[in-house]
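This is structure-v2.txt. It holds compact mmCIF, C-alpha atoms and all ligand atoms.
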# COMPACT_ATOMS: atom_id res chain seq x y z
CA MET X 1110 33.74 -50.60 31.65
CA THR X 1111 34.22 -51.45 28.02
CA LYS X 1112 31.70 -51.55 25.22
CA ASN X 1113 32.18 -55.24 24.58
CA ASN X 1114 31.42 -56.40 28.10
CA PRO X 1115 28.26 -58.49 28.35
CA ILE X 1116 24.70 -57.45 29.14
CA GLY X 1117 23.61 -59.29 32.31
CA LEU X 1118 20.05 -60.47 32.90
CA PHE X 1119 18.43 -62.33 35.75
CA ASP X 1120 15.13 -63.87 36.70
CA SER X 1121 13.97 -66.46 39.21
CA GLY X 1122 13.91 -68.92 36.33
CA ILE X 1123 13.14 -69.42 32.69
CA GLY X 1124 10.64 -66.55 32.43
CA GLY X 1125 13.39 -64.03 31.88
CA THR X 1126 14.36 -65.78 28.67
CA THR X 1127 11.34 -64.00 27.10
CA ILE X 1128 13.17 -60.74 27.83
CA TRP X 1129 16.49 -62.17 26.65
CA GLN X 1130 14.81 -62.98 23.30
CA GLU X 1131 13.77 -59.35 22.82
CA ILE X 1132 17.22 -58.06 23.80
CA ASN X 1133 18.91 -60.49 21.43
CA LEU X 1134 16.53 -59.57 18.60
CA LEU X 1135 17.32 -55.88 18.99
CA MET X 1136 21.06 -56.20 19.76
CA PRO X 1137 22.23 -59.53 18.32
CA ASN X 1138 25.92 -58.61 18.48
CA GLU X 1139 25.95 -58.08 22.23
CA ASP X 1140 27.34 -60.79 24.50
CA THR X 1141 24.81 -61.73 27.17
CA ILE X 1142 24.86 -63.58 30.48
CA PHE X 1143 21.47 -64.74 31.72
CA ILE X 1144 21.12 -66.22 35.18
CA GLY X 1145 18.05 -68.15 36.24
CA ASP X 1146 17.89 -68.37 40.03
CA GLN X 1147 15.91 -71.60 39.76
CA LEU X 1148 17.09 -72.98 43.08
CA TYR X 1149 15.04 -70.24 44.75
CA ALA X 1150 12.11 -70.01 42.30
CA PRO X 1151 9.38 -68.92 42.49
CA TYR X 1152 10.00 -65.42 43.84
CA GLY X 1153 6.36 -64.42 43.68
CA ILE X 1154 5.40 -66.03 46.99
CA LYS X 1155 8.44 -64.82 48.94
CA THR X 1156 8.58 -61.88 51.37
CA LYS X 1157 9.84 -58.50 50.20
CA GLN X 1158 13.04 -58.93 52.22
CA GLU X 1159 13.69 -62.35 50.69
CA ILE X 1160 13.17 -60.90 47.20
CA ILE X 1161 15.57 -58.03 48.00
CA ASP X 1162 18.25 -60.44 49.29
CA LEU X 1163 17.97 -62.72 46.25
CA SER X 1164 17.96 -59.78 43.83
CA LEU X 1165 21.10 -58.28 45.40
CA LYS X 1166 22.83 -61.67 45.26
CA ASN X 1167 22.03 -61.98 41.55
CA VAL X 1168 23.09 -58.44 40.66
CA GLU X 1169 26.35 -58.83 42.55
CA TYR X 1170 27.08 -62.07 40.71
CA LEU X 1171 26.47 -60.39 37.33
CA VAL X 1172 28.68 -57.46 38.35
CA SER X 1173 31.42 -59.95 39.33
CA LEU X 1174 31.22 -61.30 35.76
CA ASN X 1175 31.93 -57.78 34.44
CA CYS X 1176 28.48 -57.05 33.02
CA LYS X 1177 28.18 -53.48 31.75
CA ILE X 1178 24.46 -53.26 32.54
CA VAL X 1179 21.94 -55.46 34.34
CA VAL X 1180 18.43 -56.10 33.04
CA VAL X 1181 16.13 -57.30 35.80
CA ALA X 1182 14.07 -59.71 33.70
CA CYS X 1183 11.59 -60.17 36.52
CA ASN X 1184 8.61 -58.01 37.52
CA THR X 1185 8.63 -59.39 41.07
CA ALA X 1186 12.27 -58.43 41.66
CA THR X 1187 11.81 -55.02 40.05
CA THR X 1188 8.67 -54.06 41.95
CA ASN X 1189 10.14 -55.17 45.30
CA ALA X 1190 13.84 -54.45 45.04
CA ILE X 1191 14.74 -52.00 42.25
CA SER X 1192 15.79 -49.18 44.60
CA GLU X 1193 17.92 -51.50 46.76
CA MET X 1194 19.63 -52.87 43.63
CA ARG X 1195 20.29 -49.38 42.27
CA ALA X 1196 21.63 -48.21 45.64
CA ARG X 1197 24.03 -51.17 45.87
CA CYS X 1198 25.34 -51.16 42.36
CA HIS X 1199 27.51 -48.85 40.27
CA ILE X 1200 26.31 -50.03 36.84
CA PRO X 1201 22.97 -49.15 35.20
CA ILE X 1202 20.03 -51.36 36.12
CA ILE X 1203 16.99 -51.68 33.87
CA GLY X 1204 13.79 -52.89 35.52
CA ILE X 1205 10.59 -54.35 34.17
CA GLU X 1206 7.11 -53.59 35.42
CA PRO X 1207 3.62 -54.58 34.26
CA ALA X 1208 2.62 -52.53 31.20
CA ILE X 1209 -0.24 -50.65 32.88
CA LYS X 1210 0.34 -47.36 31.07
CA PRO X 1211 0.31 -48.86 27.53
CA ALA X 1212 -2.82 -50.80 28.49
CA THR X 1213 -4.60 -47.62 29.66
CA ILE X 1214 -3.84 -46.06 26.28
CA LEU X 1215 -5.04 -49.10 24.31
CA THR X 1216 -8.26 -49.86 26.17
CA LYS X 1217 -11.59 -48.74 24.75
CA THR X 1218 -13.75 -50.22 27.50
CA SER X 1219 -11.60 -48.58 30.24
CA LYS X 1220 -11.30 -52.04 31.78
CA ILE X 1221 -7.98 -53.83 31.82
CA GLY X 1222 -6.91 -57.09 33.40
CA ILE X 1223 -3.53 -57.71 34.97
CA LEU X 1224 -2.15 -61.16 35.70
CA ALA X 1225 0.99 -61.12 37.83
CA THR X 1226 2.62 -62.77 40.85
CA LYS X 1227 1.54 -62.12 44.44
CA GLY X 1228 4.85 -60.36 45.07
CA THR X 1229 4.21 -57.92 42.22
CA ILE X 1230 0.53 -57.25 42.88
CA THR X 1231 1.02 -56.63 46.61
CA SER X 1232 4.11 -54.42 46.19
CA ASP X 1233 3.95 -50.70 47.05
CA PHE X 1234 5.53 -49.99 43.67
CA PHE X 1235 2.67 -51.68 41.81
CA THR X 1236 -0.16 -50.36 43.99
CA SER X 1237 1.09 -46.80 43.58
CA LYS X 1238 1.14 -47.24 39.78
CA VAL X 1239 -2.45 -48.54 39.79
CA LYS X 1240 -3.58 -45.46 41.74
CA MET X 1241 -2.34 -43.23 38.90
CA TYR X 1242 -5.30 -44.33 36.73
CA PRO X 1243 -8.48 -43.69 38.75
CA ASP X 1244 -10.63 -43.61 35.58
CA ILE X 1245 -9.62 -47.09 34.49
CA GLU X 1246 -11.00 -50.23 36.08
CA ILE X 1247 -7.98 -52.40 36.72
CA ILE X 1248 -8.83 -56.00 37.50
CA GLU X 1249 -5.88 -57.64 39.22
CA GLN X 1250 -5.40 -61.37 39.45
CA ILE X 1251 -2.59 -63.24 41.17
CA GLY X 1252 -1.37 -66.11 39.00
CA TYR X 1253 -1.00 -68.60 41.86
CA ASN X 1254 1.06 -71.64 40.87
CA LEU X 1255 1.57 -70.68 37.20
CA VAL X 1256 5.32 -70.16 37.60
CA ASN X 1257 5.71 -73.46 39.46
CA LEU X 1258 4.01 -75.32 36.63
CA ILE X 1259 6.10 -73.57 33.97
CA GLU X 1260 9.31 -74.26 35.88
CA SER X 1261 8.42 -77.94 36.15
CA GLY X 1262 7.79 -78.28 32.43
CA CYS X 1263 3.98 -78.49 32.68
CA ILE X 1264 2.96 -75.68 30.34
CA ASP X 1265 0.59 -77.80 28.29
CA SER X 1266 -0.99 -79.61 31.23
CA GLN X 1267 -4.69 -79.78 32.03
CA GLU X 1268 -3.90 -78.24 35.43
CA MET X 1269 -2.46 -75.19 33.67
CA LYS X 1270 -5.50 -74.85 31.41
CA ASP X 1271 -7.91 -75.13 34.36
CA LEU X 1272 -5.96 -72.61 36.44
CA LEU X 1273 -5.77 -70.09 33.60
CA ARG X 1274 -9.47 -70.45 32.91
CA SER X 1275 -10.27 -69.79 36.58
CA TYR X 1276 -8.12 -66.63 36.51
CA LEU X 1277 -9.19 -65.27 33.13
CA ASP X 1278 -12.92 -66.06 32.88
CA PRO X 1279 -13.89 -63.56 35.62
CA MET X 1280 -11.87 -60.81 33.87
CA VAL X 1281 -13.59 -61.54 30.56
CA GLU X 1282 -16.99 -61.46 32.29
CA LYS X 1283 -16.15 -58.03 33.70
CA GLY X 1284 -15.55 -56.73 30.17
CA ILE X 1285 -11.78 -56.24 29.88
CA ASP X 1286 -10.48 -55.56 26.37
CA THR X 1287 -6.78 -55.56 27.29
CA LEU X 1288 -4.84 -58.16 29.29
CA VAL X 1289 -1.46 -57.29 30.77
CA LEU X 1290 0.94 -60.15 31.39
CA GLY X 1291 2.84 -58.84 34.42
CA CYS X 1292 5.27 -61.72 34.85
CA THR X 1293 8.03 -62.62 32.42
CA HIS X 1294 7.11 -66.30 32.59
CA TYR X 1295 3.61 -65.69 31.23
CA PRO X 1296 4.37 -65.00 27.53
CA TYR X 1297 5.00 -68.76 27.30
CA LEU X 1298 1.30 -69.19 28.16
CA ILE X 1299 -0.02 -67.01 25.31
CA PRO X 1300 -1.00 -69.98 23.08
CA ILE X 1301 -3.18 -71.35 25.90
CA ILE X 1302 -4.51 -67.92 26.94
CA GLU X 1303 -5.63 -67.35 23.34
CA THR X 1304 -7.82 -70.44 23.53
CA ILE X 1305 -9.53 -69.07 26.65
CA ILE X 1306 -10.16 -65.38 26.01
CA PRO X 1307 -12.00 -63.83 23.02
CA LYS X 1308 -9.63 -62.85 20.23
CA GLU X 1309 -10.69 -59.18 20.46
CA ILE X 1310 -8.90 -58.90 23.81
CA LYS X 1311 -5.37 -57.61 23.30
CA ILE X 1312 -2.57 -59.30 25.22
CA ILE X 1313 0.40 -57.12 26.09
CA ASP X 1314 3.68 -57.54 27.94
CA SER X 1315 6.72 -55.36 28.54
CA GLY X 1316 9.44 -57.32 26.70
CA LYS X 1317 9.92 -55.07 23.67
CA ALA X 1318 9.82 -51.88 25.74
CA VAL X 1319 12.51 -53.19 28.09
CA ALA X 1320 14.77 -54.16 25.19
CA LYS X 1321 14.34 -50.69 23.64
CA GLN X 1322 15.06 -48.99 26.95
CA THR X 1323 18.20 -51.11 27.44
CA LYS X 1324 19.47 -50.14 23.99
CA LYS X 1325 18.71 -46.47 24.63
CA VAL X 1326 20.64 -46.45 27.92
CA LEU X 1327 23.63 -48.23 26.34
CA GLU X 1328 23.58 -45.73 23.47
CA GLU X 1329 23.47 -42.76 25.84
CA LEU X 1330 26.42 -44.14 27.81
CA ASP X 1331 28.30 -44.99 24.61
CA LEU X 1332 28.39 -48.61 25.70
CA LEU X 1333 26.90 -50.39 22.66
CA THR X 1334 29.17 -53.17 21.43
CA THR X 1335 31.52 -52.55 18.52
CA ARG X 1336 31.43 -56.27 17.61
CA GLU X 1337 30.38 -56.89 14.01
CA SER X 1338 29.36 -60.50 14.43
CA ARG X 1339 26.82 -62.17 16.67
CA GLY X 1340 27.57 -62.17 20.38
CA THR X 1341 28.01 -65.18 22.66
CA ASN X 1342 25.10 -66.03 24.93
CA TYR X 1343 25.57 -67.72 28.31
CA PHE X 1344 22.71 -69.10 30.37
CA PHE X 1345 23.47 -70.14 33.94
CA SER X 1346 21.27 -71.96 36.42
CA ASN X 1347 22.04 -72.87 40.03
CA THR X 1348 20.16 -76.16 39.74
CA ASP X 1349 19.48 -78.82 37.09
CA VAL X 1350 19.89 -77.04 33.74
CA SER X 1351 17.65 -79.36 31.71
CA ILE X 1352 14.51 -77.17 31.75
CA LEU X 1353 16.44 -73.96 31.01
CA LYS X 1354 18.06 -75.72 28.04
CA GLU X 1355 14.65 -76.20 26.43
CA PHE X 1356 14.00 -72.45 26.44
CA VAL X 1357 17.22 -71.09 24.99
CA PRO X 1358 18.62 -71.17 21.45
CA SER X 1359 20.72 -74.19 20.48
CA ASN X 1360 23.88 -72.09 20.14
CA GLY X 1361 23.44 -70.72 23.69
CA ILE X 1362 25.96 -71.97 26.26
CA VAL X 1363 24.03 -73.47 29.17
CA GLU X 1364 25.92 -74.25 32.37
CA TYR X 1365 25.43 -74.94 36.06
CA ARG X 1366 26.88 -72.18 38.28
CA ASN X 1367 26.80 -71.83 42.03
CA PHE X 1368 25.44 -68.32 42.66
N1 LIG Y 1 9.30 -64.11 36.15
C1 LIG Y 1 9.20 -63.38 37.34
C2 LIG Y 1 8.33 -62.17 37.24
O1 LIG Y 1 8.33 -61.53 36.21
C3 LIG Y 1 9.19 -64.14 38.64
C4 LIG Y 1 8.12 -65.13 38.85
C5 LIG Y 1 8.31 -65.90 40.12
O2 LIG Y 1 9.42 -66.39 40.36
O3 LIG Y 1 7.34 -66.00 40.90
O4 LIG Y 1 7.67 -61.78 38.16

Transcribe the structure of this file into structure tokens.
Amino acid sequence: MTKNNPIGLFDSGIGGTTIWQEINLLMPNEDTIFIGDQLYAPYGIKTKQEIIDLSLKNVEYLVSLNCKIVVVACNTATTNAISEMRARCHIPIIGIEPAIKPATILTKTSKIGILATKGTITSDFFTSKVKMYPDIEIIEQIGYNLVNLIESGCIDSQEMKDLLRSYLDPMVEKGIDTLVLGCTHYPYLIPIIETIIPKEIKIIDSGKAVAKQTKKVLEELDLLTTRESRGTNYFFSNTDVSILKEFVPSNGIVEYRNF
């Protein structure tokens, strides 16, 4: 493996681009390959075995493109398939999980809300993390249909606003002061969420922490790029690339690939 090989990232769709943004901000000279498995999105309503199979397919594709590390830019894939991916693969794999621990440190009311996919919230991985904080009231909410709407370009729709209100109002009524966004698609909803919840409620996600962790692992393995100019950024989708194109920088190379 050489230092100038790309960082690979995958998600079910465009959500993972929120993680790509943090990685690119922290390590702009790295080459990156992002794959959005949009043909099979959303992952959140699939069975654990389906999520494992899709995750392994994606990791193997990124390995075949000579990635030096894989960032799983998807909470659903991480919480259901991280051990299978690590067992299958000889390169480091960085996962992402809902930021429960940071939220338990931030909260003053000892009540936090977590919005995530069904696949994440029902995973053993997630439920065992929740059990680690018996003194904190953790109000979980599955974000049914949010990813579908984002993937079909309906972020600013009335349907989205109504759905978010129905998920968030009960959390606010219960007195949360911290809201964890446990799906990488959801940071795109922050402008709408901010119109629904009181501004005192802090909204947190795991993007920055994942980028920092990725840099730390590359540093430890002496795999940070030696390139002194900005890296090249590829974004692949296995379906129509038009939505993905709207979420990536204009100098990103967006292409259809069959993976
Ligand atoms: N963005 C992903 C996550 O963080 C997957 C969402 C989905 O496909 O349901 O969970």

Quiz item: Which polymer residues have any atom within 6 Å of an atom of region 1157-1167 of chain X, counting all atoms listed in the file, with same-chain residues fewer than 3 positions away left out, as a list in words?
Solution: Tyr1170, Asn1189, Ala1190 and Met1194 of chain X

Quiz item: Using only C-alpha atoms, what residues lie at most 7 Å away from (32.8, -51.2, 19.5) (file coordinates), given as a PyMOL selection string?
Solution: chain X and resi 1112-1113+1333-1336

Practice problem: Residues up to 9 Å from ligand LIG 1 (chain Y), counting only C-alpha atoms and all ligand atoms: could you list those as an MDAnalysis selection string? | Solution: chainID X and resid 1120:1125 1146:1147 1149:1155 1181:1188 1205:1207 1225:1229 1252:1257 1290:1295

Excluding region 1306-1322 of chain X and any residue of its chain fewer than 6 positions from it, enumerate the residues within 6 Å of it, using all atoms listed in the file, and give them as a PDB file with C-alpha atoms, in the coordinates of the input.
ATOM      1  CA  ILE X1128      13.170 -60.740  27.830  1.00  0.00           C
ATOM      2  CA  GLU X1131      13.770 -59.350  22.820  1.00  0.00           C
ATOM      3  CA  ILE X1132      17.220 -58.060  23.800  1.00  0.00           C
ATOM      4  CA  ALA X1208       2.620 -52.530  31.200  1.00  0.00           C
ATOM      5  CA  ASP X1286     -10.480 -55.560  26.370  1.00  0.00           C
ATOM      6  CA  THR X1287      -6.780 -55.560  27.290  1.00  0.00           C
ATOM      7  CA  LEU X1288      -4.840 -58.160  29.290  1.00  0.00           C
ATOM      8  CA  VAL X1289      -1.460 -57.290  30.770  1.00  0.00           C
ATOM      9  CA  LEU X1290       0.940 -60.150  31.390  1.00  0.00           C
TER      10      LEU X1290
END

Quiz prompt | Selected residue of minimal separation from Ile1259 (chain X) among X:Leu1298, X:Ile1247, X:Ile1221, X:Leu1134, counting all atoms listed in the file | solution = X:Leu1298

Exercise. Grab the CA of Arg1195 (chain X) to CA of Glu1169 (chain X) distance for me, in Å with one decimal place.
Key: 11.2 Å

Quiz item: Pick the closest to Leu1171 (chain X) from X:Thr1127, X:Asn1114, X:Thr1341, X:Thr1216: which is it, counting only C-alpha atoms?
Solution: X:Asn1114

Exercise. Please identify all polymer residues within 12 Å of Asn1175 (chain X), counting all atoms listed in the file, omitting same-chain residues fewer than 6 positions from it, and present them as a PyMOL selection string.
Key: chain X and resi 1110-1117+1140-1142+1168-1169+1199-1200

Practice problem: Tell me, in Å to one decimal, how far CA of Arg1366 (chain X) is from CA of Asn1347 (chain X). | Solution: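 Spanning CA of Arg1366 (chain X) to CA of Asn1347 (chain X) is a straight-line distance of 5.2 Å.
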
Self-check item: Test item: residues at most 7 Å from Glu1364 (chain X), all atoms listed in the file, excluding those fewer than 6 positions along its chain, as JSON, numbers by chain
Solution: {"X": [1344, 1345, 1346, 1350]}

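Between CA of Asp1278 (chain X) and CA of Ser1261 (chain X) lies a distance of 24.6 Å.
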
Self-check item: Minimum-distance residue to Glu1139 (chain X), chosen among X:Val1363, X:Leu1332, X:Leu1353, X:Ile1302 (using all atoms listed in the file)
Solution: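 Selected residue with least distance to Glu1139 (chain X): X:Leu1332.
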
Quiz item: Which residue gives the smallest distance to Arg1339 (chain X) among X:Lys1220, X:Asn1360, X:Gln1250, X:Thr1156, with all atoms listed in the file counted?
Solution: X:Asn1360

Quiz item: Which one of X:Thr1126, X:Ser1219, X:Thr1323, X:Ser1359 sits closest to Ile1248 (chain X) if you count all atoms listed in the file?
Solution: X:Ser1219
